[in-house]
Amino acid sequence: MFNYLTDMELEYHWRNVANALDEMEKYEDVDEAKFLEWKAIYDEELSIIYDNAYSIF
């Protein structure tokens, strides 16, 4: 059974998404490895949020 995330947990994951976007922007043209590292974090965090949203339906 899936445990729904609380508002506080969702806020935490959204903050991580925003932080990852900022870091991706910073490294986009400078350091591809760092960019890809932050892109993986971004993708993982969004996946958690979307999984929570889709499990409601």
# chains A, B, ... in the order shown; residues from 1 in each chain; ligands from 1

$ select_by_dssp --residues "chain A" --states "alpha helix (DSSP H)" --output "ChimeraX atom specification"
/A:7-27,32-55

$ atom_distance --atom1 "atom CA of Tyr50 of chain A" --atom2 "atom CA of Glu23 of chain A"
21.3 Å

$ atom_distance --atom1 "atom CA of Tyr27 of chain A" --atom2 "atom CA of Asp43 of chain A"
16.2 Å

$ residues_around --residues "Leu46 of chain A" --least-positions-apart "4" --cutoff "9 Å" --atoms "only C-alpha atoms" --output "PyMOL selection string"
chain A and resi 13-14+17+41-42+50-51

$ closest_residue --among "A:Val30, A:Ala18, A:Ala40, A:Leu5" --to "Asn52 of chain A" --atoms "only C-alpha atoms"
A:Leu5

$ closest_residue --among "A:Ile49, A:Asp7, A:Tyr54, A:Phe35" --to "Asp22 of chain A" --atoms "only C-alpha atoms"
A:Phe35

$ atom_distance --atom1 "atom CA of Asp31 of chain A" --atom2 "atom CA of Ile48 of chain A"
26.3 Å

$ closest_residue --among "A:Glu11, A:Ser47, A:Trp38, A:Ala53" --to "Lys26 of chain A" --atoms "only C-alpha atoms"
A:Trp38

$ closest_residue --among "A:Glu25, A:Leu10, A:Ala20, A:Ser55" --to "Glu37 of chain A" --atoms "only C-alpha atoms"
A:Ala20
